[in-house]
Amino acid sequence: MSPRSSSLEGVGARLPRKEDDRLMRGRGQFVGDIKLPGMQDVAFVRSPLAHARIRGIAIPPEDRSRVFIAADLDGVKPIRAVSGLPGFKVSEQPVLATGKVRQVGELIAICVAPTRAEAEDIAARVTLDLEELPAVSDMIAARAPGAPLVHEHWGDNVFLETLVDIDMASAFDAPIKVSRTISTARQCMAPIEGRGVVVHLDHRADQIVFHTASQMPHIVRTGLAGCLGLDEGRIRIVSPDVGGGFGYKAILLAEEVCLGWLAQRCGHPVRWLEDRREHLTANANCREHHYQITLYAERDGTLRGVDCEATVDSGAYSAYPFSACLEAAQVASILPGPYDFPAYRCRTWSVATNKCPILPYRGVARTGVCFALELALDAVAAAAGLAPEEVRRKNLVRPAQMPFDNITNKHFDSGDYPQALERALTAINADGVRARQARGEEDGRRIGLGLSIYCEQAAHGTSVYSGWGIPMVPGFEQAGARLTPDGGLELRIGAHSHGQGLETTLAQVAHEILGVPVARTRLVHGDTAMTPYSTGSWGSRVMVMAGGAVATACTELAERARRIGAHLLQADLADVRFADGRVTGPSGDVSLAQIAHVWYRRPQDLPAGVDAGGLEVTAGYKPVRDSGTFSYAAHAVVLAVDPALGEVEILDYVIVEDGGTLVNPMVVDGQIYGGLAQGLGTALYEEMAFDAAGQPLASTLADYLLPGAAEVPAPRIDHMETPSPYTRFGVKGIGEGGAIAPPAAVANAINDALRPLGAEMLHSPVTPRRIVEAILAARAAPSRRDAA
Amino acid sequence: MNAPLRQVPEGAVAVALTVNGRPVAAQVEPRTHLADFVREDLNLTGTHLGCEHGVCGACTVLLDGEPARACLAFAATCGGACVTTIEGLDGDEVAGELRAAFNREHALQCGFCTPGMLVSARDLVLRLPEADERRVRLGLSGNLCRCTGYVGIVRAVMSVIADRRARGIAPQDGAARALGPVGAHAGDGVGEGKAVSAPPTAAALPPVAVEVVEDFIPAHTFAQSFSLAQPPDAVFAAFADVRAVAACLPGAFVEAEPAPGTVAGGLKVQIGPVAATFRGQARITRDPATRTGRIVGAGADVGGRSSTQGEVRYRVRPGQDPGSAVVELTVGYTLKGPLAQFGRPGLVRDIAGRLTALFAANLEARLAGAPAPAAAPPLNPFALALGALAARLARWRARLTGG
Amino acid sequence: MKPAPFALERPRTTADALAFLAAGGRVMAGGQSLGPMLNLRLAAPGRVVDVSAADLRTAAREGETLVLGACVTHADIEDGRIAQAAGPVLAALLARVAGGIAYRAVRNRGTIGGSLCHADPAADWVNALSALDASVEIATPSGSRRLPLGDFLTGALATALGPDELLAAVRIPQPAATAGFGYVKHCRKVGEFAHAIGAALIDPARGAARLVMGALERPPLLIADARALFGGAVDADFAARFDPEPADAALQAAGIADPVSRHVHVEVLRRAVMQAAGLQAGRAAA
């Protein structure tokens, strides 16, 4: 770890963002804002049915030249996202349906017209003749023999089944055994900007240029090249301003492939902008998990073992690049959470259904496993007659154990998990809340206190991803740094910034080393033609990886500058040092701008034997150990439940968070606030329901409820800063954490409030209707199921 | 392929309005909403589209100085209006204060919702008498942000309100405004009060082949019954006359009876502003011994996007009074396609009850010898399913507007 | 998500509007309900008659009745621009309902007449005005007619309005000075449609109570004479004597089979009654 500079702009500075101004003046440039001469709009004909054979597609003759179907797409290959895990069954996703459709919204035909409205007119005139097939929309039913088959040749609907068993039998004699069935609803990631792609031909460069809202331009290029049968060099991806990602923009879309083909076919620029109905009903979903979980414990709350059967609804196709099984594979490896216990068994199924493919959404499987384990831990506490924090104290990995290899060989790099818990309990005033709870509320509501703790593996590297064998394995991350002739700095990264504030925070990293003012540092990103290769922005990795790469490049740049500076100062190299943007020797100093001026404008003044690479560096970076950083947090929430109507009001929310060294605490807080809002959406509001025929039942934001300003509280955040021993500056990835713990904390608080009424909520979102239902059911048939 | 050039579309009307202080005269299609107009025709791309159904707030602009959804105002209805987009607030004093506060409080991340958020925030700053957090949050509830958790936004808005009140700037009460929708003006008569050419109607599309699946499992079922002051045998006999039965259900029509026990026809429905015609086939079986019958059918709308399958099982039994009958219906249906994808199922009973009551009244009148109701039709299995649709749409639409 | 093509008329007067409607067309006022349906192509009328600029933007008082033109907006009511015609009590009461409708940007365009014509069971005016015993004035080709709101609302999304007719005005009687009004809705989030609505206009001085349960996927369930819910008589002590059983029975009679739904609607009604009594919304233990 480097010492932090005293500068107001370096690592640790709470610096307002450079990117704000253009966005606040309506001058951001999103895909939908791009206008190209002759550009035409695309609308798609999509399947209205979840499972059907296509018998015919009737196109009025006058529209035939503007409508394209699968048979027209010569040379285009289906999307394949194959996992190397043994037993994985491969799905092929045709970019336009051939023969059969397997989900509502699947693409059937491309319609192109001068405006989107006219393209939709054409689409409405295309008539479909579909032979409906039985659909399977429930993942548990899909696993059963005799279920309709999504991919007939598989013989079942299971993409992948896995099993890990570590001495499970040793726990069976534990005095406390608690079993629960816990599940999380299917969700839509719902960035406010949908997907969008504009494609044109650059004849001079002999390239097909895609402007597409993507978190991972380089990965999309590889995927598109494969599907379109083109050299990667013939494709340029530009990802401009992107209106929120959250994982949704880390997928290769069939629409992107279609437009790549269409632009070549038509010769003029083409554009498709996803509308909200397409986002909700047709494109990728996330989060749908089902757990049958059993915890074994001693009477004092010490865990003896965790036994789980986990099913993930992967939808109809394996999405590129993360595949259909990343989510369930992650469940098996991270279910143990931040706890230390001796026995573990987890069987997982990644199941195909007639629904949209799933994608890793902020938190990926961590949100689901945190929900399952933390709810089950509260059930153990109730069965043992202990406070929820007692059970956690007994089982959290202790600081003295760090670094710690857990039962699934996750390597926790650093931290003090129990301290986070204690600080959260103190901040939320657990004793005071419980006293209030005992007194009762005048208005008849019931108070609940809920806890949840997680640790979040982030910036997973080669050693983790190579084991999964999916189309994408992160290696060294690279960054470019170039001093301009006037002493400014240009940084280049292959990842993408779409709200994370990297234009500011990576400039802070560079400033920490080179001392160039943040205002004079520019970040170039989002363009495969102008940036080094990167797997992109996912997995809370960018500050660890691109931050490390920028720091490495700048360090090398500083050294090159120091050598030139020593010459200019006519001093021995050993006698000069680089600090605060200047090279200082015994007799004076010289600024970076002066050094740049010499390199570019007065090369005649350079020393003999100067490094020919000059003041432009591309450097690669990996942490000392690439198994990932482990940030963590304890969330504590106090809420009031109105038992008559099931309404929930959050009264207080505390987050004690350790993200290692914080580059810009304001931006980190923003990530946590935003993650919390999404976590509360998972906890209380968001649900993408399907009927038995596989019809999605929410097609507007009036049905799919996103939390608004009135629903989300301002949490109190307390930072611990335990640096990672493995990364530059000791930073840890934190982008997803805020979204991981809230569903568990909120459900635990609701259950704490409802426990005297005999109701227990085990499914997210916890809606008013479900609460009232559970209370009325408990009143009608009181029962207790856990014998301790 | 030669691309058709973008040109003034058929049916376009003239509209004259003021955008960001400049007069604009244009030809627009009536269907072009204001957001597309400013984005596509005027290249003012700061107004963003996030849902196009009025919920997300990303497209919020000022109409006559007041916030309004640009996706729900058609440009052709905005003649005479003053439109201010985010680009028009560049030099606005309040917007300037808000931009400084948004930057300071980290009130934006991806920035996509920000233009609409600033327009709504500006309105709150001008109207709210004090920086009360609850009111600010309620006031911002029509603008969704997926990145920030609203923390910075709320802080920024509260700080600007507090600062302005500290400087002695009083809130505006809006008393001087004229009544009626903002942006709606009788104006100069351009594009108003005269008929425009009707849009080209879609050429008649080929009917969609639909099969009746005898043993489908309906997604939703419910039971209904009604009494008639007619003997059970007469009622049961009446059910044998398909056209007569159809005549009792408004909107239904019989086109043919291609085979014994098979009916081809459909149902026209008008549910609020939604009009749909489902055409298809139904098969009818009857068992006189038990006075039971089953009608199972399937239908689809034009283009085959929305479809339904349904069945009605009926049983006629003697009523309590001599010479009366009770008809018990069990209705099951499955609805698919865009029309199915709104709201949640299971809200059928009340609307089905209305349809059933209407059907019963018509049937009774018919059995009593009254003339058939004008333009009537078949006891179509989709009819009741469409009742369910009405309920869903009702629920869904209310969600859009809350009122 | 763009509308199918339609032709547009923008009449300046009710007479012009009726003339256009005679030739067929869908009326649009503020467009906050029809707009989404058009954008989603769920509604595809060949012709839209936009009455937002017509002579329906008025507020007047006729004796003890407030007469609001159909194109008065929710924001007009929220901001008190109708207060002079409404009088302070009715203005405040209506302002509270109006301020809870959707979002400000929607309220600036959405109209009271448009809301009633869409006849959404979960809409605010449909329910609140039923409790207030409002009626509507309908412009017809041959003149005009009046209907009590209960007769106007014939079903979910259905009204008694003929295709050639136009809702011209809403007539709202002044509640008695001794009456209390309660209006409570149960939503999952702010601005969302209500899952249950309770409205109560209770005048213990006259022994009268008019209660509404709404958002039932049918027209508001009106109990015009609600004495049975208060043990047979409405007096000063009515809040303490609210009896949920008859309300539950009314829901059952209306075909609401789901006990959870009935439980919620009765509770929301109870809270509206408490509000009418001037008490806190009075959450109660289940």
# chains A, B, ... in the order shown; residues from 1 in each chain; ligands from 1
$ residues_around --residues "range 292-303 of chain B" --least-positions-apart "4" --cutoff "7 Å" --atoms "only C-alpha atoms" --output "number ranges by chain"
A: 124-128; B: 205, 207-208, 210-212, 214, 276-288, 307-316, 381
$ closest_atom_pairs --of "chain C" --to "chain B" --cutoff "7 Å" --atoms "only C-alpha atoms" --output "CSV"
residue,atom,partner,partner_atom,distance
C:Pro3,CA,B:Arg31,CA,5.9
C:Pro5,CA,B:Arg31,CA,5.8
C:Phe6,CA,B:Pro199,CA,5.7
C:Ala7,CA,B:Ala198,CA,5.3
C:Leu8,CA,B:Pro30,CA,6.0
C:Glu9,CA,B:Gly193,CA,5.9
C:Arg10,CA,B:Glu192,CA,4.6
C:Pro11,CA,B:Gly193,CA,4.8
C:Arg12,CA,B:Ala186,CA,6.1
C:Gly30,CA,B:Pro181,CA,5.9
C:Gly31,CA,B:Leu72,CA,6.3
C:Gln32,CA,B:Leu72,CA,6.1
C:Ser33,CA,B:Thr401,CA,6.5
C:Gly35,CA,B:Leu72,CA,5.1
C:Pro36,CA,B:His53,CA,4.5
C:Asn39,CA,B:Glu52,CA,6.9
C:Leu42,CA,B:Val274,CA,5.7
C:Ala43,CA,B:Val274,CA,4.5
C:Gly46,CA,B:Ala198,CA,6.9
C:Ser52,CA,B:Ala184,CA,5.8
C:Ala53,CA,B:His185,CA,5.1
C:Arg57,CA,B:Gly180,CA,5.1
C:Thr58,CA,B:Leu179,CA,6.7
C:Cys71,CA,B:Gly180,CA,5.4
C:Val72,CA,B:Gly180,CA,4.7
C:Thr73,CA,B:Gly180,CA,5.4
C:Asp76,CA,B:Leu179,CA,6.1
C:Asp79,CA,B:Gly174,CA,6.7
C:Arg81,CA,B:Ala175,CA,5.8
C:Ile101,CA,B:Gly403,CA,5.3
C:Ala102,CA,B:Gly402,CA,4.6
C:Tyr103,CA,B:Gly142,CA,5.0
C:Ala105,CA,B:Ala68,CA,4.2
C:Val106,CA,B:Ala68,CA,6.3
C:Asn108,CA,B:Pro181,CA,5.9
C:Arg109,CA,B:Pro181,CA,4.1
C:Gly110,CA,B:Pro181,CA,6.7
C:Ser115,CA,B:Gly403,CA,6.5
C:His118,CA,B:Gly272,CA,6.6
C:Asp120,CA,B:Ala394,CA,5.4
C:Pro121,CA,B:Ala394,CA,6.6
C:Ala122,CA,B:Ala398,CA,5.7
C:Ala123,CA,B:Gly403,CA,3.8
C:Asp124,CA,B:Gly403,CA,4.7
C:Trp125,CA,B:Gly403,CA,6.7
C:Ala156,CA,B:Ala394,CA,6.2
C:Leu157,CA,B:Gly272,CA,5.0
C:Ala158,CA,B:Gly272,CA,6.2
C:Val190,CA,B:Ser141,CA,6.6
C:Gly191,CA,B:Gly402,CA,5.6
C:Glu192,CA,B:Arg399,CA,5.2
C:Phe193,CA,B:Arg399,CA,4.0
C:Ala194,CA,B:Gly402,CA,6.8
C:Glu217,CA,B:Ala391,CA,5.7
C:Arg218,CA,B:Asp350,CA,6.3
C:Gly255,CA,B:Asp350,CA,6.6
$ write_last_selection --atoms "C-alpha atoms" --output "mmCIF file, in the first residue's frame"
data_model
loop_
_atom_site.group_PDB
_atom_site.id
_atom_site.type_symbol
_atom_site.label_atom_id
_atom_site.label_comp_id
_atom_site.auth_asym_id
_atom_site.auth_seq_id
_atom_site.Cartn_x
_atom_site.Cartn_y
_atom_site.Cartn_z
ATOM 1 C CA PRO C 3 -48.956 4.671 -31.078
ATOM 2 C CA PRO C 5 -51.520 6.318 -36.494
ATOM 3 C CA PHE C 6 -54.595 8.335 -35.657
ATOM 4 C CA ALA C 7 -56.225 11.495 -36.882
ATOM 5 C CA LEU C 8 -56.583 14.384 -34.470
ATOM 6 C CA GLU C 9 -59.247 17.010 -33.867
ATOM 7 C CA ARG C 10 -58.899 19.875 -31.440
ATOM 8 C CA PRO C 11 -62.326 21.419 -30.909
ATOM 9 C CA ARG C 12 -62.541 24.740 -29.080
ATOM 10 C CA GLY C 30 -55.277 15.498 -20.374
ATOM 11 C CA GLY C 31 -54.155 12.271 -22.010
ATOM 12 C CA GLN C 32 -52.636 10.835 -18.837
ATOM 13 C CA SER C 33 -54.653 7.614 -19.077
ATOM 14 C CA GLY C 35 -51.695 8.356 -23.643
ATOM 15 C CA PRO C 36 -50.099 5.194 -22.235
ATOM 16 C CA ASN C 39 -48.245 4.376 -26.780
ATOM 17 C CA LEU C 42 -53.574 -1.270 -26.597
ATOM 18 C CA ALA C 43 -55.871 1.472 -27.808
ATOM 19 C CA GLY C 46 -58.758 5.975 -35.827
ATOM 20 C CA SER C 52 -58.016 19.782 -23.550
ATOM 21 C CA ALA C 53 -58.340 23.267 -25.017
ATOM 22 C CA ARG C 57 -61.910 24.589 -17.998
ATOM 23 C CA THR C 58 -64.268 26.247 -15.560
ATOM 24 C CA CYS C 71 -61.043 19.703 -17.987
ATOM 25 C CA VAL C 72 -60.201 21.084 -14.574
ATOM 26 C CA THR C 73 -56.968 19.338 -13.595
ATOM 27 C CA ASP C 76 -55.972 22.973 -10.238
ATOM 28 C CA ASP C 79 -53.460 24.172 -5.618
ATOM 29 C CA ARG C 81 -57.515 27.391 -7.955
ATOM 30 C CA ILE C 101 -53.214 11.357 -7.344
ATOM 31 C CA ALA C 102 -50.204 9.929 -9.172
ATOM 32 C CA TYR C 103 -47.428 12.527 -9.512
ATOM 33 C CA ALA C 105 -46.328 16.111 -13.614
ATOM 34 C CA VAL C 106 -49.383 13.910 -14.207
ATOM 35 C CA ASN C 108 -50.701 19.138 -14.192
ATOM 36 C CA ARG C 109 -52.402 17.562 -17.215
ATOM 37 C CA GLY C 110 -54.753 14.906 -15.886
ATOM 38 C CA SER C 115 -60.538 10.368 -14.748
ATOM 39 C CA HIS C 118 -61.985 6.226 -17.699
ATOM 40 C CA ASP C 120 -60.972 3.080 -13.234
ATOM 41 C CA PRO C 121 -62.197 1.248 -10.154
ATOM 42 C CA ALA C 122 -59.011 2.220 -8.317
ATOM 43 C CA ALA C 123 -59.076 5.867 -9.350
ATOM 44 C CA ASP C 124 -59.359 8.524 -6.695
ATOM 45 C CA TRP C 125 -62.159 10.703 -8.072
ATOM 46 C CA ALA C 156 -64.767 -1.377 -14.514
ATOM 47 C CA LEU C 157 -63.715 0.985 -17.306
ATOM 48 C CA ALA C 158 -67.344 1.346 -18.301
ATOM 49 C CA VAL C 190 -46.511 6.496 -3.461
ATOM 50 C CA GLY C 191 -48.327 7.332 -6.676
ATOM 51 C CA GLU C 192 -49.147 3.737 -7.361
ATOM 52 C CA PHE C 193 -52.735 2.738 -7.888
ATOM 53 C CA ALA C 194 -54.628 1.861 -4.740
ATOM 54 C CA GLU C 217 -62.306 -4.175 -9.789
ATOM 55 C CA ARG C 218 -65.888 -2.999 -10.034
ATOM 56 C CA GLY C 255 -68.841 -11.353 -4.709
#
$ residues_around --residues "Gly149 in chain B" --least-positions-apart "6" --cutoff "8 Å" --atoms "only C-alpha atoms" --output "PyMOL selection string"
chain A and resi 670+673-678+709+712+714
$ residues_around --residues "Arg562 in chain A" --least-positions-apart "4" --cutoff "7 Å" --atoms "only C-alpha atoms" --output "PyMOL selection string"
chain A and resi 558+566+577-578+583
$ write_last_selection --atoms "N, CA and C atoms" --output "mmCIF file, in the first residue's frame"
data_model
loop_
_atom_site.group_PDB
_atom_site.id
_atom_site.type_symbol
_atom_site.label_atom_id
_atom_site.label_comp_id
_atom_site.auth_asym_id
_atom_site.auth_seq_id
_atom_site.Cartn_x
_atom_site.Cartn_y
_atom_site.Cartn_z
ATOM 1 N N ALA A 558 5.867 7.944 -14.084
ATOM 2 C CA ALA A 558 6.600 8.785 -13.132
ATOM 3 C C ALA A 558 8.096 8.462 -13.176
ATOM 4 N N ALA A 566 15.962 14.021 -14.158
ATOM 5 C CA ALA A 566 17.315 13.984 -13.604
ATOM 6 C C ALA A 566 18.289 14.570 -14.613
ATOM 7 N N ARG A 577 13.983 12.688 -6.911
ATOM 8 C CA ARG A 577 12.767 11.932 -6.597
ATOM 9 C C ARG A 577 11.585 12.591 -7.301
ATOM 10 N N PHE A 578 10.550 11.762 -7.515
ATOM 11 C CA PHE A 578 9.330 12.282 -8.132
ATOM 12 C C PHE A 578 8.267 12.401 -7.051
ATOM 13 N N VAL A 583 9.804 16.610 -10.471
ATOM 14 C CA VAL A 583 11.022 15.877 -10.186
ATOM 15 C C VAL A 583 11.948 16.837 -9.457
#
$ closest_atom_pairs --of "chain A" --to "chain B" --cutoff "7 Å" --atoms "only C-alpha atoms" --output "JSON lines"
{"residue": "A:Pro16", "atom": "CA", "partner": "B:Arg104", "partner_atom": "CA", "distance": 5.9}
{"residue": "A:Arg17", "atom": "CA", "partner": "B:Asn103", "partner_atom": "CA", "distance": 6.8}
{"residue": "A:Asp20", "atom": "CA", "partner": "B:Asn103", "partner_atom": "CA", "distance": 6.3}
{"residue": "A:Leu23", "atom": "CA", "partner": "B:Gly111", "partner_atom": "CA", "distance": 5.3}
{"residue": "A:Met24", "atom": "CA", "partner": "B:Pro115", "partner_atom": "CA", "distance": 6.1}
{"residue": "A:Arg25", "atom": "CA", "partner": "B:Glu87", "partner_atom": "CA", "distance": 6.0}
{"residue": "A:Gly26", "atom": "CA", "partner": "B:Gly46", "partner_atom": "CA", "distance": 3.7}
{"residue": "A:Arg27", "atom": "CA", "partner": "B:Gly46", "partner_atom": "CA", "distance": 6.1}
{"residue": "A:Asp33", "atom": "CA", "partner": "B:Thr45", "partner_atom": "CA", "distance": 5.6}
{"residue": "A:Pro48", "atom": "CA", "partner": "B:Gly337", "partner_atom": "CA", "distance": 4.4}
{"residue": "A:Leu49", "atom": "CA", "partner": "B:Gly337", "partner_atom": "CA", "distance": 6.4}
{"residue": "A:Pro114", "atom": "CA", "partner": "B:Arg6", "partner_atom": "CA", "distance": 5.4}
{"residue": "A:Ala124", "atom": "CA", "partner": "B:Gly303", "partner_atom": "CA", "distance": 6.8}
{"residue": "A:Arg125", "atom": "CA", "partner": "B:Gly303", "partner_atom": "CA", "distance": 6.6}
{"residue": "A:Val126", "atom": "CA", "partner": "B:Gly303", "partner_atom": "CA", "distance": 6.4}
{"residue": "A:Thr127", "atom": "CA", "partner": "B:Gly303", "partner_atom": "CA", "distance": 4.3}
{"residue": "A:Leu128", "atom": "CA", "partner": "B:Gly304", "partner_atom": "CA", "distance": 5.6}
{"residue": "A:Asp129", "atom": "CA", "partner": "B:Val208", "partner_atom": "CA", "distance": 6.5}
{"residue": "A:Pro191", "atom": "CA", "partner": "B:Arg146", "partner_atom": "CA", "distance": 6.0}
{"residue": "A:Ile192", "atom": "CA", "partner": "B:Gly50", "partner_atom": "CA", "distance": 5.3}
{"residue": "A:Glu193", "atom": "CA", "partner": "B:Gly50", "partner_atom": "CA", "distance": 5.7}
{"residue": "A:Val242", "atom": "CA", "partner": "B:Cys110", "partner_atom": "CA", "distance": 6.6}
{"residue": "A:Gly243", "atom": "CA", "partner": "B:Phe112", "partner_atom": "CA", "distance": 5.0}
{"residue": "A:Gly244", "atom": "CA", "partner": "B:Cys110", "partner_atom": "CA", "distance": 5.4}
{"residue": "A:Cys266", "atom": "CA", "partner": "B:Met1", "partner_atom": "CA", "distance": 5.2}
{"residue": "A:Asp275", "atom": "CA", "partner": "B:Cys51", "partner_atom": "CA", "distance": 6.7}
{"residue": "A:Arg276", "atom": "CA", "partner": "B:Cys51", "partner_atom": "CA", "distance": 5.0}
{"residue": "A:His498", "atom": "CA", "partner": "B:Cys110", "partner_atom": "CA", "distance": 5.2}
{"residue": "A:Gly499", "atom": "CA", "partner": "B:Cys110", "partner_atom": "CA", "distance": 3.7}
{"residue": "A:Gln500", "atom": "CA", "partner": "B:Gln109", "partner_atom": "CA", "distance": 6.4}
{"residue": "A:Gly501", "atom": "CA", "partner": "B:Gln109", "partner_atom": "CA", "distance": 6.9}
{"residue": "A:Gly670", "atom": "CA", "partner": "B:Thr148", "partner_atom": "CA", "distance": 5.9}
{"residue": "A:Tyr673", "atom": "CA", "partner": "B:Gly149", "partner_atom": "CA", "distance": 5.0}
{"residue": "A:Gly674", "atom": "CA", "partner": "B:Gly149", "partner_atom": "CA", "distance": 4.2}
{"residue": "A:Leu676", "atom": "CA", "partner": "B:Gly149", "partner_atom": "CA", "distance": 6.8}
{"residue": "A:Ala677", "atom": "CA", "partner": "B:Gly149", "partner_atom": "CA", "distance": 4.8}
{"residue": "A:Ala692", "atom": "CA", "partner": "B:Ala219", "partner_atom": "CA", "distance": 6.4}
{"residue": "A:Gln695", "atom": "CA", "partner": "B:Lys336", "partner_atom": "CA", "distance": 6.5}
{"residue": "A:Pro696", "atom": "CA", "partner": "B:Gln341", "partner_atom": "CA", "distance": 5.7}
{"residue": "A:Leu697", "atom": "CA", "partner": "B:Gln341", "partner_atom": "CA", "distance": 4.5}
{"residue": "A:Ala698", "atom": "CA", "partner": "B:Phe342", "partner_atom": "CA", "distance": 5.5}
{"residue": "A:Ser699", "atom": "CA", "partner": "B:Gln341", "partner_atom": "CA", "distance": 5.9}
{"residue": "A:Leu701", "atom": "CA", "partner": "B:Val55", "partner_atom": "CA", "distance": 6.3}
{"residue": "A:Ala702", "atom": "CA", "partner": "B:Arg399", "partner_atom": "CA", "distance": 5.0}
{"residue": "A:Asp703", "atom": "CA", "partner": "B:Gly343", "partner_atom": "CA", "distance": 6.1}
{"residue": "A:Gly708", "atom": "CA", "partner": "B:Ser141", "partner_atom": "CA", "distance": 5.3}
{"residue": "A:Ala709", "atom": "CA", "partner": "B:Arg137", "partner_atom": "CA", "distance": 5.0}
{"residue": "A:Ala710", "atom": "CA", "partner": "B:Arg137", "partner_atom": "CA", "distance": 4.9}
{"residue": "A:Val712", "atom": "CA", "partner": "B:Gly149", "partner_atom": "CA", "distance": 6.6}
{"residue": "A:Ala714", "atom": "CA", "partner": "B:Val151", "partner_atom": "CA", "distance": 5.6}
$ atom_distance --atom1 "CA of Pro88 in chain C" --atom2 "CA of Gly207 in chain C"
23.6 Å
$ interface_residues --of "chain A" --to "chain C" --cutoff "7 Å" --atoms "only C-alpha atoms" --output "MDAnalysis selection string"
chainID A and resid 117 121 275 443:445 643:645 702 710:711 772:773
$ closest_residue --among "C:Leu216, C:Ala15, C:Ala247, C:Ala59" --to "Phe230 in chain C" --atoms "only C-alpha atoms"
C:Ala247
$ atom_distance --atom1 "CA of Glu647 in chain A" --atom2 "CA of Leu754 in chain A"
12.4 Å
$ atom_distance --atom1 "CA of Gly155 in chain C" --atom2 "CA of Pro219 in chain C"
5.3 Å
